[in-house]
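Trainee: Supplied structure: input00.txt, compact mmCIF, N, CA and C atoms.
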# COMPACT_ATOMS: atom_id res chain seq x y z
N MET N 1 0.83 -1.19 0.00
CA MET N 1 0.00 0.00 0.00
C MET N 1 0.87 1.25 0.00
N PRO N 2 1.25 1.75 -1.14
CA PRO N 2 2.08 2.94 -1.19
C PRO N 2 1.27 4.23 -1.00
N VAL N 3 1.37 4.79 0.20
CA VAL N 3 0.73 6.06 0.51
C VAL N 3 1.83 7.06 0.80
N LEU N 4 1.77 8.20 0.13
CA LEU N 4 2.75 9.26 0.32
C LEU N 4 2.07 10.41 1.03
N TYR N 5 2.66 10.85 2.14
CA TYR N 5 2.10 11.96 2.91
C TYR N 5 2.86 13.23 2.61
N THR N 6 2.12 14.32 2.42
CA THR N 6 2.72 15.64 2.24
C THR N 6 2.00 16.61 3.17
N LYS N 7 2.63 17.75 3.44
CA LYS N 7 1.98 18.75 4.28
C LYS N 7 0.79 19.36 3.56
N GLU N 8 1.02 19.80 2.35
CA GLU N 8 0.01 20.50 1.54
C GLU N 8 -0.08 19.80 0.19
N TYR N 9 -0.85 20.38 -0.70
CA TYR N 9 -0.93 19.86 -2.06
C TYR N 9 0.38 20.19 -2.78
N ASP N 10 1.11 19.18 -3.20
CA ASP N 10 2.35 19.39 -3.95
C ASP N 10 2.10 18.94 -5.38
N LEU N 11 1.67 19.87 -6.20
CA LEU N 11 1.26 19.55 -7.56
C LEU N 11 2.41 19.06 -8.43
N SER N 12 3.63 19.39 -8.07
CA SER N 12 4.77 18.92 -8.86
C SER N 12 4.88 17.40 -8.81
N LEU N 13 4.42 16.79 -7.74
CA LEU N 13 4.48 15.33 -7.63
C LEU N 13 3.60 14.64 -8.68
N VAL N 14 2.49 15.26 -9.01
CA VAL N 14 1.59 14.69 -10.01
C VAL N 14 2.27 14.68 -11.38
N ASP N 15 3.03 15.72 -11.65
CA ASP N 15 3.74 15.80 -12.92
C ASP N 15 4.95 14.87 -12.98
N LEU N 16 5.55 14.59 -11.84
CA LEU N 16 6.76 13.78 -11.80
C LEU N 16 6.51 12.28 -11.90
N ASN N 17 5.35 11.83 -11.46
CA ASN N 17 5.11 10.39 -11.37
C ASN N 17 3.73 10.07 -11.95
N GLU N 18 3.71 9.36 -13.05
CA GLU N 18 2.43 9.06 -13.70
C GLU N 18 1.60 8.02 -12.95
N ASP N 19 2.17 7.35 -11.97
CA ASP N 19 1.41 6.39 -11.16
C ASP N 19 0.93 6.99 -9.84
N LEU N 20 1.12 8.28 -9.65
CA LEU N 20 0.72 8.93 -8.41
C LEU N 20 -0.63 9.63 -8.58
N LEU N 21 -1.49 9.41 -7.60
CA LEU N 21 -2.79 10.09 -7.56
C LEU N 21 -2.80 10.95 -6.31
N MET N 22 -3.49 12.09 -6.35
CA MET N 22 -3.52 12.97 -5.19
C MET N 22 -4.94 13.18 -4.70
N VAL N 23 -5.12 12.94 -3.41
CA VAL N 23 -6.39 13.19 -2.75
C VAL N 23 -6.52 14.70 -2.54
N TYR N 24 -7.72 15.22 -2.75
CA TYR N 24 -7.95 16.64 -2.49
C TYR N 24 -9.34 16.84 -1.90
N VAL N 25 -9.49 17.90 -1.13
CA VAL N 25 -10.77 18.23 -0.51
C VAL N 25 -11.65 18.90 -1.55
N GLU N 26 -12.79 18.29 -1.81
CA GLU N 26 -13.73 18.78 -2.81
C GLU N 26 -14.97 19.34 -2.14
N SER N 27 -15.66 20.21 -2.85
CA SER N 27 -16.95 20.72 -2.37
C SER N 27 -18.07 19.97 -3.09
N HIS N 28 -19.21 19.91 -2.44
CA HIS N 28 -20.36 19.21 -3.03
C HIS N 28 -20.75 19.80 -4.38
N ASN N 29 -20.66 21.11 -4.50
CA ASN N 29 -21.06 21.73 -5.77
C ASN N 29 -19.92 21.75 -6.80
N ARG N 30 -18.77 21.19 -6.46
CA ARG N 30 -17.64 21.02 -7.39
C ARG N 30 -17.16 22.32 -8.02
N THR N 31 -17.15 23.38 -7.22
CA THR N 31 -16.61 24.67 -7.67
C THR N 31 -15.78 25.28 -6.57
N GLY N 32 -14.93 26.24 -6.94
CA GLY N 32 -14.13 26.97 -5.97
C GLY N 32 -12.95 26.17 -5.44
N GLY N 33 -12.32 26.74 -4.43
CA GLY N 33 -11.23 26.06 -3.77
C GLY N 33 -9.85 26.55 -4.09
N GLY N 34 -9.71 27.43 -5.03
CA GLY N 34 -8.40 27.95 -5.36
C GLY N 34 -7.72 27.19 -6.48
N ARG N 35 -6.57 27.70 -6.87
CA ARG N 35 -5.84 27.20 -8.03
C ARG N 35 -5.48 25.72 -7.91
N ARG N 36 -4.97 25.29 -6.76
CA ARG N 36 -4.54 23.89 -6.62
C ARG N 36 -5.73 22.93 -6.69
N ILE N 37 -6.83 23.30 -6.07
CA ILE N 37 -8.02 22.45 -6.11
C ILE N 37 -8.56 22.35 -7.53
N VAL N 38 -8.63 23.47 -8.22
CA VAL N 38 -9.12 23.47 -9.60
C VAL N 38 -8.22 22.61 -10.48
N PHE N 39 -6.91 22.71 -10.29
CA PHE N 39 -5.97 21.88 -11.05
C PHE N 39 -6.26 20.39 -10.82
N LEU N 40 -6.41 20.00 -9.55
CA LEU N 40 -6.64 18.59 -9.24
C LEU N 40 -8.03 18.13 -9.70
N ARG N 41 -9.00 19.01 -9.61
CA ARG N 41 -10.36 18.68 -10.07
C ARG N 41 -10.34 18.37 -11.57
N GLN N 42 -9.54 19.09 -12.32
CA GLN N 42 -9.50 18.91 -13.77
C GLN N 42 -8.50 17.85 -14.21
N HIS N 43 -7.65 17.39 -13.29
CA HIS N 43 -6.62 16.42 -13.64
C HIS N 43 -7.15 15.00 -13.45
N GLU N 44 -6.80 14.12 -14.36
CA GLU N 44 -7.27 12.74 -14.28
C GLU N 44 -6.75 11.99 -13.06
N ARG N 45 -5.72 12.51 -12.41
CA ARG N 45 -5.15 11.81 -11.25
C ARG N 45 -5.50 12.46 -9.92
N GLY N 46 -6.48 13.34 -9.91
CA GLY N 46 -6.98 13.90 -8.66
C GLY N 46 -8.08 12.99 -8.11
N ILE N 47 -8.04 12.73 -6.81
CA ILE N 47 -9.08 11.93 -6.15
C ILE N 47 -9.84 12.84 -5.19
N PRO N 48 -11.09 13.16 -5.52
CA PRO N 48 -11.84 14.07 -4.65
C PRO N 48 -12.42 13.36 -3.43
N VAL N 49 -12.30 14.00 -2.29
CA VAL N 49 -13.03 13.56 -1.11
C VAL N 49 -13.90 14.76 -0.71
N THR N 50 -15.20 14.58 -0.84
CA THR N 50 -16.14 15.68 -0.65
C THR N 50 -16.34 15.92 0.84
N LEU N 51 -15.71 16.99 1.33
CA LEU N 51 -15.77 17.34 2.75
C LEU N 51 -16.30 18.74 2.99
N ARG N 52 -16.78 19.38 1.96
CA ARG N 52 -17.33 20.73 2.09
C ARG N 52 -18.62 20.83 1.28
N GLU N 53 -19.51 21.68 1.74
CA GLU N 53 -20.70 22.01 0.95
C GLU N 53 -20.28 22.93 -0.19
N ASN N 54 -19.48 23.94 0.15
CA ASN N 54 -18.90 24.85 -0.83
C ASN N 54 -17.66 25.47 -0.19
N TYR N 55 -16.96 26.29 -0.92
CA TYR N 55 -15.72 26.86 -0.39
C TYR N 55 -15.89 28.25 0.23
N SER N 56 -17.11 28.59 0.62
CA SER N 56 -17.30 29.84 1.35
C SER N 56 -16.93 29.62 2.82
N ASP N 57 -16.89 30.69 3.59
CA ASP N 57 -16.56 30.57 5.02
C ASP N 57 -17.56 29.71 5.77
N SER N 58 -18.79 29.67 5.31
CA SER N 58 -19.83 28.87 5.97
C SER N 58 -20.11 27.58 5.21
N GLY N 59 -19.15 27.10 4.44
CA GLY N 59 -19.36 25.95 3.57
C GLY N 59 -19.09 24.59 4.18
N ILE N 60 -18.95 24.52 5.50
CA ILE N 60 -18.71 23.23 6.15
C ILE N 60 -19.97 22.37 6.04
N ILE N 61 -19.80 21.07 5.87
CA ILE N 61 -20.96 20.20 5.80
C ILE N 61 -21.66 20.15 7.16
N THR N 62 -22.95 19.84 7.15
CA THR N 62 -23.76 19.88 8.36
C THR N 62 -24.47 18.54 8.56
N PRO N 63 -25.07 18.35 9.74
CA PRO N 63 -25.81 17.12 9.99
C PRO N 63 -26.97 16.90 9.01
N ALA N 64 -27.49 17.96 8.43
CA ALA N 64 -28.61 17.84 7.50
C ALA N 64 -28.24 17.03 6.25
N THR N 65 -26.96 16.95 5.94
CA THR N 65 -26.52 16.25 4.73
C THR N 65 -25.66 15.02 5.05
N GLU N 66 -25.79 14.49 6.27
CA GLU N 66 -24.92 13.38 6.70
C GLU N 66 -25.00 12.16 5.79
N VAL N 67 -26.19 11.76 5.40
CA VAL N 67 -26.32 10.55 4.56
C VAL N 67 -25.56 10.74 3.26
N ARG N 68 -25.79 11.86 2.61
CA ARG N 68 -25.09 12.16 1.36
C ARG N 68 -23.58 12.22 1.57
N ASP N 69 -23.15 12.86 2.66
CA ASP N 69 -21.73 13.04 2.93
C ASP N 69 -21.04 11.72 3.28
N LEU N 70 -21.72 10.86 4.02
CA LEU N 70 -21.15 9.55 4.34
C LEU N 70 -20.97 8.72 3.07
N GLU N 71 -21.93 8.79 2.17
CA GLU N 71 -21.80 8.08 0.89
C GLU N 71 -20.64 8.61 0.07
N ALA N 72 -20.45 9.93 0.08
CA ALA N 72 -19.35 10.53 -0.67
C ALA N 72 -18.00 10.10 -0.11
N VAL N 73 -17.87 10.08 1.21
CA VAL N 73 -16.61 9.64 1.84
C VAL N 73 -16.35 8.17 1.51
N GLU N 74 -17.37 7.34 1.61
CA GLU N 74 -17.21 5.93 1.30
C GLU N 74 -16.80 5.72 -0.15
N SER N 75 -17.43 6.43 -1.06
CA SER N 75 -17.09 6.32 -2.47
C SER N 75 -15.63 6.68 -2.71
N CYS N 76 -15.17 7.75 -2.09
CA CYS N 76 -13.78 8.18 -2.24
C CYS N 76 -12.82 7.10 -1.74
N PHE N 77 -13.10 6.54 -0.57
CA PHE N 77 -12.18 5.55 -0.02
C PHE N 77 -12.24 4.22 -0.75
N GLN N 78 -13.34 3.91 -1.36
CA GLN N 78 -13.37 2.73 -2.24
C GLN N 78 -12.46 2.97 -3.44
N MET N 79 -12.50 4.19 -3.99
CA MET N 79 -11.64 4.54 -5.11
C MET N 79 -10.17 4.46 -4.69
N ILE N 80 -9.85 5.00 -3.52
CA ILE N 80 -8.47 4.94 -3.02
C ILE N 80 -8.04 3.48 -2.87
N GLY N 81 -8.89 2.66 -2.28
CA GLY N 81 -8.57 1.24 -2.11
C GLY N 81 -8.32 0.53 -3.42
N ASN N 82 -9.12 0.82 -4.43
CA ASN N 82 -8.93 0.21 -5.75
C ASN N 82 -7.60 0.62 -6.35
N HIS N 83 -7.26 1.88 -6.24
CA HIS N 83 -5.99 2.35 -6.80
C HIS N 83 -4.80 1.74 -6.06
N LEU N 84 -4.88 1.67 -4.74
CA LEU N 84 -3.80 1.07 -3.96
C LEU N 84 -3.65 -0.42 -4.30
N ALA N 85 -4.76 -1.10 -4.46
CA ALA N 85 -4.71 -2.52 -4.81
C ALA N 85 -4.08 -2.75 -6.18
N ASN N 86 -4.18 -1.75 -7.04
CA ASN N 86 -3.58 -1.84 -8.38
C ASN N 86 -2.15 -1.32 -8.42
N GLY N 87 -1.56 -1.05 -7.26
CA GLY N 87 -0.16 -0.65 -7.19
C GLY N 87 0.10 0.82 -7.42
N ARG N 88 -0.93 1.63 -7.45
CA ARG N 88 -0.73 3.07 -7.64
C ARG N 88 -0.34 3.70 -6.30
N THR N 89 0.34 4.81 -6.36
CA THR N 89 0.71 5.57 -5.17
C THR N 89 -0.33 6.66 -4.96
N VAL N 90 -0.82 6.78 -3.73
CA VAL N 90 -1.81 7.79 -3.40
C VAL N 90 -1.16 8.81 -2.47
N CYS N 91 -1.19 10.06 -2.89
CA CYS N 91 -0.62 11.15 -2.10
C CYS N 91 -1.73 11.75 -1.23
N VAL N 92 -1.45 11.87 0.06
CA VAL N 92 -2.42 12.40 1.02
C VAL N 92 -1.86 13.68 1.64
N PRO N 93 -2.45 14.83 1.33
CA PRO N 93 -2.01 16.09 1.94
C PRO N 93 -2.61 16.21 3.34
N ILE N 94 -1.77 16.12 4.34
CA ILE N 94 -2.21 16.03 5.73
C ILE N 94 -2.94 17.28 6.22
N TYR N 95 -2.38 18.45 6.03
CA TYR N 95 -2.99 19.66 6.59
C TYR N 95 -4.39 19.94 6.07
N PRO N 96 -4.62 19.91 4.77
CA PRO N 96 -5.99 20.17 4.30
C PRO N 96 -7.01 19.17 4.87
N LEU N 97 -6.65 17.90 4.91
CA LEU N 97 -7.58 16.90 5.45
C LEU N 97 -7.80 17.07 6.95
N THR N 98 -6.72 17.39 7.67
CA THR N 98 -6.84 17.60 9.11
C THR N 98 -7.71 18.81 9.42
N GLU N 99 -7.48 19.90 8.71
CA GLU N 99 -8.26 21.12 8.93
C GLU N 99 -9.74 20.88 8.65
N GLU N 100 -10.06 20.19 7.59
CA GLU N 100 -11.47 19.92 7.28
C GLU N 100 -12.09 18.99 8.32
N THR N 101 -11.34 17.99 8.76
CA THR N 101 -11.87 17.06 9.75
C THR N 101 -12.17 17.77 11.07
N ILE N 102 -11.28 18.65 11.48
CA ILE N 102 -11.51 19.42 12.72
C ILE N 102 -12.77 20.27 12.58
N ALA N 103 -12.95 20.92 11.45
CA ALA N 103 -14.14 21.74 11.22
C ALA N 103 -15.41 20.88 11.18
N ILE N 104 -15.32 19.71 10.55
CA ILE N 104 -16.48 18.83 10.44
C ILE N 104 -16.87 18.28 11.81
N GLU N 105 -15.88 17.98 12.66
CA GLU N 105 -16.18 17.46 14.00
C GLU N 105 -17.13 18.36 14.77
N LYS N 106 -17.02 19.65 14.57
CA LYS N 106 -17.87 20.61 15.28
C LYS N 106 -19.30 20.60 14.73
N GLN N 107 -19.46 20.40 13.44
CA GLN N 107 -20.77 20.46 12.79
C GLN N 107 -21.43 19.09 12.62
N SER N 108 -20.63 18.10 12.27
CA SER N 108 -21.17 16.78 11.95
C SER N 108 -20.22 15.69 12.47
N PRO N 109 -20.25 15.43 13.78
CA PRO N 109 -19.32 14.47 14.37
C PRO N 109 -19.41 13.06 13.76
N LYS N 110 -20.58 12.68 13.30
CA LYS N 110 -20.75 11.35 12.70
C LYS N 110 -19.91 11.21 11.43
N VAL N 111 -19.93 12.23 10.58
CA VAL N 111 -19.15 12.20 9.35
C VAL N 111 -17.66 12.22 9.68
N ALA N 112 -17.27 13.05 10.65
CA ALA N 112 -15.86 13.12 11.05
C ALA N 112 -15.37 11.78 11.59
N ALA N 113 -16.18 11.12 12.40
CA ALA N 113 -15.80 9.82 12.95
C ALA N 113 -15.65 8.78 11.83
N TYR N 114 -16.55 8.82 10.86
CA TYR N 114 -16.47 7.88 9.75
C TYR N 114 -15.25 8.15 8.89
N LEU N 115 -14.95 9.43 8.66
CA LEU N 115 -13.76 9.80 7.90
C LEU N 115 -12.51 9.27 8.59
N LYS N 116 -12.40 9.47 9.89
CA LYS N 116 -11.24 8.97 10.64
C LYS N 116 -11.14 7.45 10.55
N LYS N 117 -12.28 6.79 10.65
CA LYS N 117 -12.30 5.32 10.57
C LYS N 117 -11.78 4.85 9.21
N ARG N 118 -12.24 5.48 8.14
CA ARG N 118 -11.80 5.08 6.81
C ARG N 118 -10.32 5.40 6.59
N MET N 119 -9.86 6.52 7.10
CA MET N 119 -8.44 6.84 6.97
C MET N 119 -7.60 5.84 7.75
N ALA N 120 -8.08 5.44 8.91
CA ALA N 120 -7.35 4.45 9.71
C ALA N 120 -7.23 3.12 8.98
N SER N 121 -8.21 2.80 8.15
CA SER N 121 -8.16 1.54 7.41
C SER N 121 -7.01 1.52 6.40
N TYR N 122 -6.46 2.69 6.09
CA TYR N 122 -5.30 2.79 5.20
C TYR N 122 -4.08 3.30 5.96
N ASN N 123 -4.05 3.05 7.26
CA ASN N 123 -2.94 3.43 8.12
C ASN N 123 -2.68 4.94 8.12
N MET N 124 -3.71 5.72 7.99
CA MET N 124 -3.57 7.17 8.02
C MET N 124 -3.98 7.73 9.37
N LYS N 125 -4.30 6.86 10.31
CA LYS N 125 -4.84 7.29 11.60
C LYS N 125 -3.88 8.18 12.37
N TYR N 126 -2.63 7.82 12.42
CA TYR N 126 -1.67 8.58 13.21
C TYR N 126 -1.60 10.04 12.76
N HIS N 127 -1.60 10.23 11.47
CA HIS N 127 -1.45 11.58 10.93
C HIS N 127 -2.66 12.45 11.16
N LEU N 128 -3.85 11.87 11.01
CA LEU N 128 -5.08 12.64 11.14
C LEU N 128 -5.35 12.94 12.61
N GLY N 129 -5.41 14.21 12.94
CA GLY N 129 -5.71 14.61 14.30
C GLY N 129 -4.47 14.74 15.17
N ASN N 130 -3.33 14.28 14.70
CA ASN N 130 -2.10 14.38 15.47
C ASN N 130 -1.07 15.26 14.78
N THR N 131 -1.51 16.06 13.86
CA THR N 131 -0.61 16.92 13.11
C THR N 131 -0.81 18.35 13.58
N THR N 132 0.28 19.02 13.89
CA THR N 132 0.18 20.42 14.27
C THR N 132 0.98 21.24 13.28
N ARG N 133 0.51 22.43 13.08
CA ARG N 133 1.19 23.31 12.12
C ARG N 133 2.28 24.05 12.76
What does the file become when written as structure tokens?

Mentor:
Amino acid sequence: MPVLYTKEYDLSLVDLNEDLLMVYVESHNRTGGGRRIVFLRQHERGIPVTLRENYSDSGIITPATEVRDLEAVESCFQMIGNHLANGRTVCVPIYPLTEETIAIEKQSPKVAAYLKKRMASYNMKYHLGNTTR
């Protein structure tokens, strides 16, 4: 299971290795997020994990959308599992995922707990929640 951890989105890695895929925080409406997110959204090797309603200041997911959000997280991690099983390297940017998880814990603890559980299934548990800037 080749998982590569980075602090932030390192887009140069996608260009350097054709077998590398990068996880990125996506919004439900699939817009916004800045230059790096747009690049990964449009790139065939970006793996979206939908952890935001939108990229506004109030765009954190809420309990009202838990069912939809849990399905989105599960779909993402099934995709990650398939790629890892096929020998691809998956790059996980720790800070963006940690920041979103902390924000989600306040609004939708069920989704945050499920996200942590799925990350732990790929040995990402130590990094999530234990990373400080």

Trainee: Axis-aligned box over every listed atom of region 23-32 of chain N, padded by 8 Å per side: centre and edges in Å to one decimal, as JSON?

Mentor:
{"center_x": -13.1, "center_y": 20.0, "center_z": -4.3, "size_x": 31.9, "size_y": 30.0, "size_z": 23.5}

Trainee: Interatomic distance between CA of Tyr95 (chain N) and atom N of Glu26 (chain N)?

Mentor: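 Between CA of Tyr95 (chain N) and atom N of Glu26 (chain N) the gap works out to 13.0 Å.
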
Trainee: Looking at only C-alpha atoms, which of N:Ala113, N:Leu13, N:Ile104, N:Leu84 is the one that sits closest to Thr50 (chain N)?

Mentor: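 The answer is N:Ile104, which sits nearest to Thr50 (chain N).
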
Trainee: Which neighbours of Ile94 (chain N) fall inside 7 Å, counting all atoms listed in the file, when residues of the same chain fewer than 3 positions from it are skipped, and could you give them as a tab-separated table (two decimals) with N, CA and C atoms, keeping the file's coordinate frame?

Mentor:
chain	number	residue	atom	x	y	z
N	5	TYR	N	2.66	10.85	2.14
N	5	TYR	CA	2.10	11.96	2.91
N	5	TYR	C	2.86	13.23	2.61
N	6	THR	N	2.12	14.32	2.42
N	6	THR	CA	2.72	15.64	2.24
N	6	THR	C	2.00	16.61	3.17
N	7	LYS	N	2.63	17.75	3.44
N	7	LYS	CA	1.98	18.75	4.28
N	7	LYS	C	0.79	19.36	3.56
N	8	GLU	N	1.02	19.80	2.35
N	8	GLU	CA	0.01	20.50	1.54
N	8	GLU	C	-0.08	19.80	0.19
N	9	TYR	N	-0.85	20.38	-0.70
N	9	TYR	CA	-0.93	19.86	-2.06
N	9	TYR	C	0.38	20.19	-2.78
N	97	LEU	N	-6.65	17.90	4.91
N	97	LEU	CA	-7.58	16.90	5.45
N	97	LEU	C	-7.80	17.07	6.95
N	98	THR	N	-6.72	17.39	7.67
N	98	THR	CA	-6.84	17.60	9.11
N	98	THR	C	-7.71	18.81	9.42
N	99	GLU	N	-7.48	19.90	8.71
N	99	GLU	CA	-8.26	21.12	8.93
N	99	GLU	C	-9.74	20.88	8.65
N	127	HIS	N	-1.60	10.23	11.47
N	127	HIS	CA	-1.45	11.58	10.93
N	127	HIS	C	-2.66	12.45	11.16
N	128	LEU	N	-3.85	11.87	11.01
N	128	LEU	CA	-5.08	12.64	11.14
N	128	LEU	C	-5.35	12.94	12.61

Trainee: I'd like to know which of N:Gly81, N:Pro109, N:Asn54, N:Ala72 is closest to Arg30 (chain N), using all atoms listed in the file.

Mentor: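 Smallest separation from Arg30 (chain N) among the options: N:Asn54.
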
Trainee: In chain N, what's alpha helix (DSSP H) per DSSP? Answer as an NGL selection string?

Mentor: :N and (11-16 or 35-42 or 66-85 or 94-107 or 109-120)

Trainee: Please compute the atom C of Leu21 (chain N)-atom C of Cys76 (chain N) distance, one decimal, in Å.

Mentor: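 According to the coordinates, atom C of Leu21 (chain N) and atom C of Cys76 (chain N) are separated by 11.7 Å.
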
Trainee: In Å to one decimal, how far is atom N of His43 (chain N) from CA of Ala85 (chain N)?

Mentor: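 Atom N of His43 (chain N) lies 21.8 Å from CA of Ala85 (chain N).
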
Trainee: Pick out each residue of region 11-132 of chain N that DSSP on the backbone tags as strand (DSSP E); I need them as a PDB file with N, CA and C atoms, in the coordinates of the input.

Mentor:
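The new file out_24.pdb reads:
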ATOM      1  N   LEU N  20       1.120   8.280  -9.650  1.00  0.00           N
ATOM      2  CA  LEU N  20       0.720   8.930  -8.410  1.00  0.00           C
ATOM      3  C   LEU N  20      -0.630   9.630  -8.580  1.00  0.00           C
ATOM      4  N   LEU N  21      -1.490   9.410  -7.600  1.00  0.00           N
ATOM      5  CA  LEU N  21      -2.790  10.090  -7.560  1.00  0.00           C
ATOM      6  C   LEU N  21      -2.800  10.950  -6.310  1.00  0.00           C
ATOM      7  N   MET N  22      -3.490  12.090  -6.350  1.00  0.00           N
ATOM      8  CA  MET N  22      -3.520  12.970  -5.190  1.00  0.00           C
ATOM      9  C   MET N  22      -4.940  13.180  -4.700  1.00  0.00           C
ATOM     10  N   VAL N  23      -5.120  12.940  -3.410  1.00  0.00           N
ATOM     11  CA  VAL N  23      -6.390  13.190  -2.750  1.00  0.00           C
ATOM     12  C   VAL N  23      -6.520  14.700  -2.540  1.00  0.00           C
ATOM     13  N   TYR N  24      -7.720  15.220  -2.750  1.00  0.00           N
ATOM     14  CA  TYR N  24      -7.950  16.640  -2.490  1.00  0.00           C
ATOM     15  C   TYR N  24      -9.340  16.840  -1.900  1.00  0.00           C
ATOM     16  N   VAL N  25      -9.490  17.900  -1.130  1.00  0.00           N
ATOM     17  CA  VAL N  25     -10.770  18.230  -0.510  1.00  0.00           C
ATOM     18  C   VAL N  25     -11.650  18.900  -1.550  1.00  0.00           C
ATOM     19  N   GLU N  26     -12.790  18.290  -1.810  1.00  0.00           N
ATOM     20  CA  GLU N  26     -13.730  18.780  -2.810  1.00  0.00           C
ATOM     21  C   GLU N  26     -14.970  19.340  -2.140  1.00  0.00           C
ATOM     22  N   SER N  27     -15.660  20.210  -2.850  1.00  0.00           N
ATOM     23  CA  SER N  27     -16.950  20.720  -2.370  1.00  0.00           C
ATOM     24  C   SER N  27     -18.070  19.970  -3.090  1.00  0.00           C
ATOM     25  N   GLY N  46      -6.480  13.340  -9.910  1.00  0.00           N
ATOM     26  CA  GLY N  46      -6.980  13.900  -8.660  1.00  0.00           C
ATOM     27  C   GLY N  46      -8.080  12.990  -8.110  1.00  0.00           C
ATOM     28  N   ILE N  47      -8.040  12.730  -6.810  1.00  0.00           N
ATOM     29  CA  ILE N  47      -9.080  11.930  -6.150  1.00  0.00           C
ATOM     30  C   ILE N  47      -9.840  12.840  -5.190  1.00  0.00           C
ATOM     31  N   PRO N  48     -11.090  13.160  -5.520  1.00  0.00           N
ATOM     32  CA  PRO N  48     -11.840  14.070  -4.650  1.00  0.00           C
ATOM     33  C   PRO N  48     -12.420  13.360  -3.430  1.00  0.00           C
ATOM     34  N   VAL N  49     -12.300  14.000  -2.290  1.00  0.00           N
ATOM     35  CA  VAL N  49     -13.030  13.560  -1.110  1.00  0.00           C
ATOM     36  C   VAL N  49     -13.900  14.760  -0.710  1.00  0.00           C
ATOM     37  N   THR N  50     -15.200  14.580  -0.840  1.00  0.00           N
ATOM     38  CA  THR N  50     -16.140  15.680  -0.650  1.00  0.00           C
ATOM     39  C   THR N  50     -16.340  15.920   0.840  1.00  0.00           C
ATOM     40  N   LEU N  51     -15.710  16.990   1.330  1.00  0.00           N
ATOM     41  CA  LEU N  51     -15.770  17.340   2.750  1.00  0.00           C
ATOM     42  C   LEU N  51     -16.300  18.740   2.990  1.00  0.00           C
ATOM     43  N   ARG N  52     -16.780  19.380   1.960  1.00  0.00           N
ATOM     44  CA  ARG N  52     -17.330  20.730   2.090  1.00  0.00           C
ATOM     45  C   ARG N  52     -18.620  20.830   1.280  1.00  0.00           C
ATOM     46  N   THR N  89       0.340   4.810  -6.360  1.00  0.00           N
ATOM     47  CA  THR N  89       0.710   5.570  -5.170  1.00  0.00           C
ATOM     48  C   THR N  89      -0.330   6.660  -4.960  1.00  0.00           C
ATOM     49  N   VAL N  90      -0.820   6.780  -3.730  1.00  0.00           N
ATOM     50  CA  VAL N  90      -1.810   7.790  -3.400  1.00  0.00           C
ATOM     51  C   VAL N  90      -1.160   8.810  -2.470  1.00  0.00           C
ATOM     52  N   CYS N  91      -1.190  10.060  -2.890  1.00  0.00           N
ATOM     53  CA  CYS N  91      -0.620  11.150  -2.100  1.00  0.00           C
ATOM     54  C   CYS N  91      -1.730  11.750  -1.230  1.00  0.00           C
ATOM     55  N   VAL N  92      -1.450  11.870   0.060  1.00  0.00           N
ATOM     56  CA  VAL N  92      -2.420  12.400   1.020  1.00  0.00           C
ATOM     57  C   VAL N  92      -1.860  13.680   1.640  1.00  0.00           C
ATOM     58  N   PRO N  93      -2.450  14.830   1.330  1.00  0.00           N
ATOM     59  CA  PRO N  93      -2.010  16.090   1.940  1.00  0.00           C
ATOM     60  C   PRO N  93      -2.610  16.210   3.340  1.00  0.00           C
TER      61      PRO N  93
END

Trainee: Let me make sure I understand: among N:Ile47, N:Val25, N:Met119, N:Val67, which one has the smallest atom-to-atom distance to Val90 (chain N) if we use only C-alpha atoms?

Mentor: N:Ile47

Trainee: From the set N:Gly46, N:Pro93, N:Pro63, N:Gly33, which residue has the shortest atom-to-atom contact distance to Asp19 (chain N), counting only C-alpha atoms?

Mentor: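 Closest residue, counting only C-alpha atoms: N:Gly46.
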
Trainee: Pick from N:Leu51, N:Ala64, N:Val111, N:Met22: nearest to Met79 (chain N), with only C-alpha atoms counted?

Mentor: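 Once distances to Met79 (chain N) are computed over only C-alpha atoms, the minimum belongs to N:Met22.
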
Trainee: If we count only C-alpha atoms, what is near Ser75 (chain N) at a cut-off of 12 Å, once residues fewer than 2 positions away on the same chain are taken out, given as a PyMOL selection string?

Mentor: chain N and resi 47-50+68-73+77-82+115+118

Trainee: May I ask which of the residues N:Asp15, N:Ser27, N:Lys106, N:Ile61 is the closest one to Arg41 (chain N), counting only C-alpha atoms?

Mentor: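 Answer, going by the shortest atom-to-atom distance: N:Ser27.
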
Trainee: Tell me, as a ChimeraX atom specification, which residues lie within 6 Å of region 86-89 of chain N, counting only C-alpha atoms; anything in the same chain fewer than 4 positions away does not count.

Mentor: /N:2-3,19-20
